[in-house]
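Containing mmCIF, C-alpha atoms: upload.cif.
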```cif
data_my_file
loop_
_atom_site.label_atom_id
_atom_site.label_comp_id
_atom_site.auth_asym_id
_atom_site.auth_seq_id
_atom_site.Cartn_x
_atom_site.Cartn_y
_atom_site.Cartn_z
CA MET A 1 4.09 25.47 4.46
CA LYS A 2 6.06 24.09 7.35
CA ARG A 3 5.41 21.05 9.52
CA HIS A 4 4.83 21.91 13.18
CA THR A 5 4.69 19.63 16.23
CA ILE A 6 3.14 21.24 19.28
CA ALA A 7 2.50 19.95 22.78
CA VAL A 8 -0.56 21.19 24.65
CA LEU A 9 -0.89 20.54 28.39
CA VAL A 10 -4.60 20.53 29.31
CA ASN A 11 -6.89 19.74 32.21
CA ASP A 12 -8.13 16.16 31.97
CA GLN A 13 -11.80 17.07 31.44
CA PRO A 14 -14.53 15.87 29.07
CA GLY A 15 -14.81 17.96 25.89
CA VAL A 16 -11.28 19.41 25.93
CA LEU A 17 -10.16 17.38 22.91
CA GLN A 18 -13.21 18.56 20.97
CA ARG A 19 -12.56 22.23 21.81
CA VAL A 20 -8.87 22.00 20.85
CA SER A 21 -9.50 20.16 17.58
CA GLY A 22 -12.42 22.49 16.77
CA LEU A 23 -10.12 25.49 17.12
CA PHE A 24 -7.78 24.00 14.50
CA GLY A 25 -10.69 23.32 12.16
CA ARG A 26 -12.06 26.87 12.46
CA ARG A 27 -8.61 28.24 11.58
CA GLY A 28 -8.34 26.01 8.50
CA PHE A 29 -5.49 23.96 9.96
CA ASN A 30 -5.47 20.26 9.18
CA ILE A 31 -4.36 18.04 12.05
CA GLU A 32 -2.03 15.40 10.54
CA SER A 33 -1.86 13.49 13.82
CA ILE A 34 -2.93 13.95 17.40
CA THR A 35 -2.04 11.85 20.41
CA VAL A 36 -3.44 12.37 23.88
CA GLY A 37 -2.49 10.74 27.14
CA THR A 38 -1.84 11.37 30.79
CA SER A 39 1.08 13.59 31.70
CA GLU A 40 3.55 13.61 34.59
CA GLU A 41 1.05 15.63 36.67
CA ALA A 42 -2.17 14.11 38.01
CA GLY A 43 -5.27 15.67 36.46
CA LEU A 44 -3.43 16.92 33.36
CA SER A 45 -3.17 15.38 29.89
CA ARG A 46 -0.67 16.11 27.15
CA MET A 47 -1.73 16.43 23.52
CA VAL A 48 0.90 16.24 20.80
CA ILE A 49 -0.43 17.69 17.56
CA VAL A 50 1.29 17.61 14.16
CA THR A 51 0.04 20.13 11.61
CA THR A 52 1.28 22.21 8.68
CA GLY A 53 1.12 25.95 8.15
CA ASP A 54 3.19 29.08 8.14
CA ASP A 55 4.77 30.49 11.30
CA ASN A 56 2.36 33.44 11.59
CA THR A 57 -0.74 31.25 11.47
CA LEU A 58 0.76 28.87 14.02
CA GLU A 59 1.47 31.81 16.32
CA GLN A 60 -2.19 32.83 16.08
CA VAL A 61 -3.37 29.28 16.81
CA ILE A 62 -1.13 29.14 19.90
CA LYS A 63 -2.61 32.44 21.12
CA GLN A 64 -6.11 31.08 20.54
CA LEU A 65 -5.26 27.86 22.40
CA TYR A 66 -4.24 29.88 25.44
CA LYS A 67 -7.73 31.46 25.43
CA LEU A 68 -9.31 28.05 26.06
CA ILE A 69 -10.00 27.64 29.78
CA ASP A 70 -8.59 24.11 30.09
CA VAL A 71 -5.30 24.83 28.27
CA ILE A 72 -2.40 25.17 30.74
CA LYS A 73 0.67 25.34 28.47
CA VAL A 74 1.49 25.23 24.74
CA VAL A 75 4.98 24.47 23.38
CA ASP A 76 6.10 24.45 19.74
CA LEU A 77 8.28 21.33 19.96
CA SER A 78 9.46 21.65 16.36
CA ALA A 79 11.14 24.96 17.22
CA ASN A 80 13.66 22.97 19.31
CA PRO A 81 15.68 19.78 18.84
CA MET A 82 13.14 17.05 19.61
CA VAL A 83 12.57 13.33 19.63
CA GLY A 84 9.39 12.26 17.84
CA ARG A 85 8.15 8.70 17.55
CA GLU A 86 5.19 6.88 16.09
CA LEU A 87 4.07 3.26 16.23
CA ALA A 88 2.45 1.34 13.39
CA LEU A 89 0.93 -2.11 13.18
CA ILE A 90 0.94 -3.48 9.64
CA LYS A 91 -0.81 -6.72 8.64
CA VAL A 92 0.79 -8.07 5.47
CA THR A 93 -0.23 -10.92 3.20
CA ALA A 94 2.54 -13.46 3.69
CA ASP A 95 2.39 -16.83 2.00
CA PRO A 96 5.21 -19.16 3.09
CA THR A 97 7.38 -18.37 0.04
CA ALA A 98 7.31 -14.59 0.68
CA ARG A 99 7.97 -14.75 4.43
CA PRO A 100 11.79 -14.76 4.26
CA GLU A 101 11.74 -11.58 2.15
CA ILE A 102 9.28 -9.87 4.48
CA LEU A 103 11.33 -10.90 7.52
CA GLY A 104 14.36 -9.32 5.84
CA VAL A 105 12.50 -6.01 5.59
CA VAL A 106 11.36 -6.34 9.22
CA GLU A 107 14.93 -6.96 10.39
CA THR A 108 16.34 -4.06 8.34
CA PHE A 109 13.93 -1.64 10.01
CA ARG A 110 14.48 -3.10 13.49
CA ALA A 111 10.78 -3.87 13.57
CA ALA A 112 9.14 -6.95 15.10
CA VAL A 113 6.67 -9.60 14.01
CA VAL A 114 3.96 -9.58 16.69
CA ASP A 115 1.48 -12.05 15.16
CA ILE A 116 1.68 -14.85 12.64
CA GLY A 117 -1.34 -16.20 10.80
CA THR A 118 -1.57 -18.89 8.15
CA THR A 119 -1.53 -16.31 5.35
CA SER A 120 -0.40 -13.13 7.10
CA LEU A 121 2.15 -11.49 9.39
CA MET A 122 1.54 -8.54 11.69
CA VAL A 123 4.53 -6.25 12.01
CA GLN A 124 5.14 -3.60 14.66
CA VAL A 125 7.45 -0.73 13.78
CA VAL A 126 8.44 2.25 15.94
CA GLY A 127 10.26 5.32 14.69
CA ASP A 128 9.85 8.70 13.08
CA SER A 129 7.16 9.16 10.46
CA GLU A 130 9.64 8.90 7.58
CA LYS A 131 10.84 5.49 8.77
CA ILE A 132 7.29 4.20 9.01
CA ASP A 133 6.40 5.62 5.59
CA ALA A 134 9.46 3.89 4.09
CA MET A 135 8.57 0.54 5.64
CA ILE A 136 4.99 0.78 4.39
CA GLU A 137 6.27 1.45 0.86
CA LEU A 138 8.51 -1.64 1.00
CA LEU A 139 5.68 -3.83 2.30
CA LYS A 140 3.06 -2.64 -0.25
CA PRO A 141 4.13 -5.10 -2.97
CA TYR A 142 3.32 -8.02 -0.63
CA GLY A 143 -0.20 -6.69 0.03
CA ILE A 144 -1.05 -4.66 3.09
CA ARG A 145 -4.31 -6.01 4.52
CA GLU A 146 -4.60 -3.61 7.42
CA LEU A 147 -2.67 -0.63 8.78
CA SER A 148 -2.96 1.25 12.07
CA ARG A 149 -0.75 4.19 13.11
CA THR A 150 -0.69 5.91 16.48
CA GLY A 151 0.30 9.40 15.43
CA VAL A 152 3.41 11.20 16.62
CA THR A 153 4.34 11.69 20.25
CA ALA A 154 7.32 13.92 20.98
CA MET A 155 9.47 15.67 23.58
CA ILE A 156 12.22 18.28 23.48
CA ARG A 157 15.70 16.74 23.67
CA GLY A 158 17.98 17.14 26.67
CA ASN A 159 17.23 18.82 29.97
CA ALA A 160 14.70 21.36 28.69
CA ARG A 161 11.20 21.14 30.03
#
```

Structure rendered as C-alpha cells:
Amino acid sequence: MKRHTIAVLVNDQPGVLQRVSGLFGRRGFNIESITVGTSEEAGLSRMVIVTTGDDNTLEQVIKQLYKLIDVIKVVDLSANPMVGRELALIKVTADPTARPEILGVVETFRAAVVDIGTTSLMVQVVGDSEKIDAMIELLKPYGIRELSRTGVTAMIRGNAR
C-alpha cells in the first residue's frame, strides 16, 4: 500500500464534496485527510485528498472521479516532487514548572505558542505530517488536552501546473 496525495479541481457547488467522498467510500478507499478551499479560478474549489492504496486502484478512482459532472481536473500530486503542509493546534497541560521544557520543544520545531492559560499552552505547528506526528509524540508526556489538525494541502514543486 502506497500513500497518495491527489488534487481535484471541482465546481464550487453544493453536494460535490459528498459525491467525491462517497466515491472513495464505495471503492473501499479510506480518506486519511481532505482539505477543500477556493482555487485560483472563481467558481472552482480545490480538494487535496490523502489516501492509501495500490497504483491500479488509484488509477481506477481517478477515472471514476472524471465521470463526476462537477470534476474538472484530477492530479496525482505524489507522482511528482511536491510541497505538502498541515497545521495543528495542540493544547497541552502546562503547569509553571513544565513550561520551560514545553517551550524548548516548541522552539525546536519552529512552532509558536498562540494562547496561554493558567494551566495550559496552545501550540501551533505547521509542517509535513511526519513533523506534526513527532511533535505530538514529544508533547504527549505533558498531557494533550485537545488536538486539531487541518489535513494536508499540497502543490507540485516548481513551475509545473

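The environment of Val20 in chain A within 9 Å, counting only C-alpha atoms and disregarding residues fewer than 5 places along the same chain, consists of Gly15, Gly25, Leu65, Leu68 and Val71 of chain A.
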
Inset, instruction - Please identify all polymer residues within 6 Å of range 94-97 of chain A, counting all atoms listed in the file, omitting same-chain residues fewer than 2 positions from it, and present them as an MDAnalysis selection string. - result: chainID A and resid 92 99 119:120

Inset, instruction - Apply the PyMOL selection byres ((chain A and resi 145) around 9) to the file shown and report the selected residues as a PyMOL selection string. - result: chain A and resi 90-93+120+143-144+146-147

Inset, instruction - For the structure provided, state which residues fall under the PyMOL selection byres ((chain A and resi 6) around 8), and present them as JSON, numbers by chain. - result: {"A": [4, 5, 7, 8, 48, 49, 50, 74, 75, 76, 77, 78]}

Inset, instruction - Report the distance between CA of Val36 in chain A and CA of Glu86 in chain A in Å, rounded to one decimal place. - result: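 Straight-line distance from CA of Val36 in chain A to CA of Glu86 in chain A works out to 12.9 Å.
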
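Against the coordinates shown, the PyMOL selection byres ((chain A and resi 57) around 12) returns Met1, Lys2, His4, Phe24, Arg27, Gly28, Phe29, Thr51, Thr52, Gly53, Asp54, Asp55, Asn56, Leu58, Glu59, Gln60, Val61, Ile62, Lys63 and Gln64 of chain A.
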
For the residues in the current selection, export C-alpha atoms as a JSON list (two decimals), keeping the file's coordinate frame.
```
[["chain", "number", "residue", "atom", "x", "y", "z"],
["A", 1, "MET", "CA", 4.09, 25.47, 4.46],
["A", 2, "LYS", "CA", 6.06, 24.09, 7.35],
["A", 4, "HIS", "CA", 4.83, 21.91, 13.18],
["A", 24, "PHE", "CA", -7.78, 24.00, 14.50],
["A", 27, "ARG", "CA", -8.61, 28.24, 11.58],
["A", 28, "GLY", "CA", -8.34, 26.01, 8.50],
["A", 29, "PHE", "CA", -5.49, 23.96, 9.96],
["A", 51, "THR", "CA", 0.04, 20.13, 11.61],
["A", 52, "THR", "CA", 1.28, 22.21, 8.68],
["A", 53, "GLY", "CA", 1.12, 25.95, 8.15],
["A", 54, "ASP", "CA", 3.19, 29.08, 8.14],
["A", 55, "ASP", "CA", 4.77, 30.49, 11.30],
["A", 56, "ASN", "CA", 2.36, 33.44, 11.59],
["A", 58, "LEU", "CA", 0.76, 28.87, 14.02],
["A", 59, "GLU", "CA", 1.47, 31.81, 16.32],
["A", 60, "GLN", "CA", -2.19, 32.83, 16.08],
["A", 61, "VAL", "CA", -3.37, 29.28, 16.81],
["A", 62, "ILE", "CA", -1.13, 29.14, 19.90],
["A", 63, "LYS", "CA", -2.61, 32.44, 21.12],
["A", 64, "GLN", "CA", -6.11, 31.08, 20.54]]
```

Legend entry - For Met135 in chain A: contacts at 9 Å, only C-alpha atoms, fewer than 2 positions along chain excluded, given as a PyMOL selection string: chain A and resi 105-106+109+125+130-133+137-140

Inset, instruction - Provide the CA of Pro141 in chain A to CA of Ala88 in chain A distance in Å, to one decimal place. - result: 17.7 Å

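Between CA of Gly151 in chain A and CA of Ser33 in chain A there is a distance of 4.9 Å.
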
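Minimum atom-to-atom distances from A:Ser21, A:Asn30, A:Thr153, A:Thr38 to Arg85 in chain A were compared using only C-alpha atoms, and the lowest value belongs to A:Thr153.
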
Legend entry - Nearest to Asp70 in chain A by atom-to-atom distance, counting all atoms listed in the file, from A:Gln124, A:Ser148, A:Ser129, A:Gln18: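 Using all atoms listed in the file, the shortest distance to Asp70 in chain A belongs to A:Gln18.
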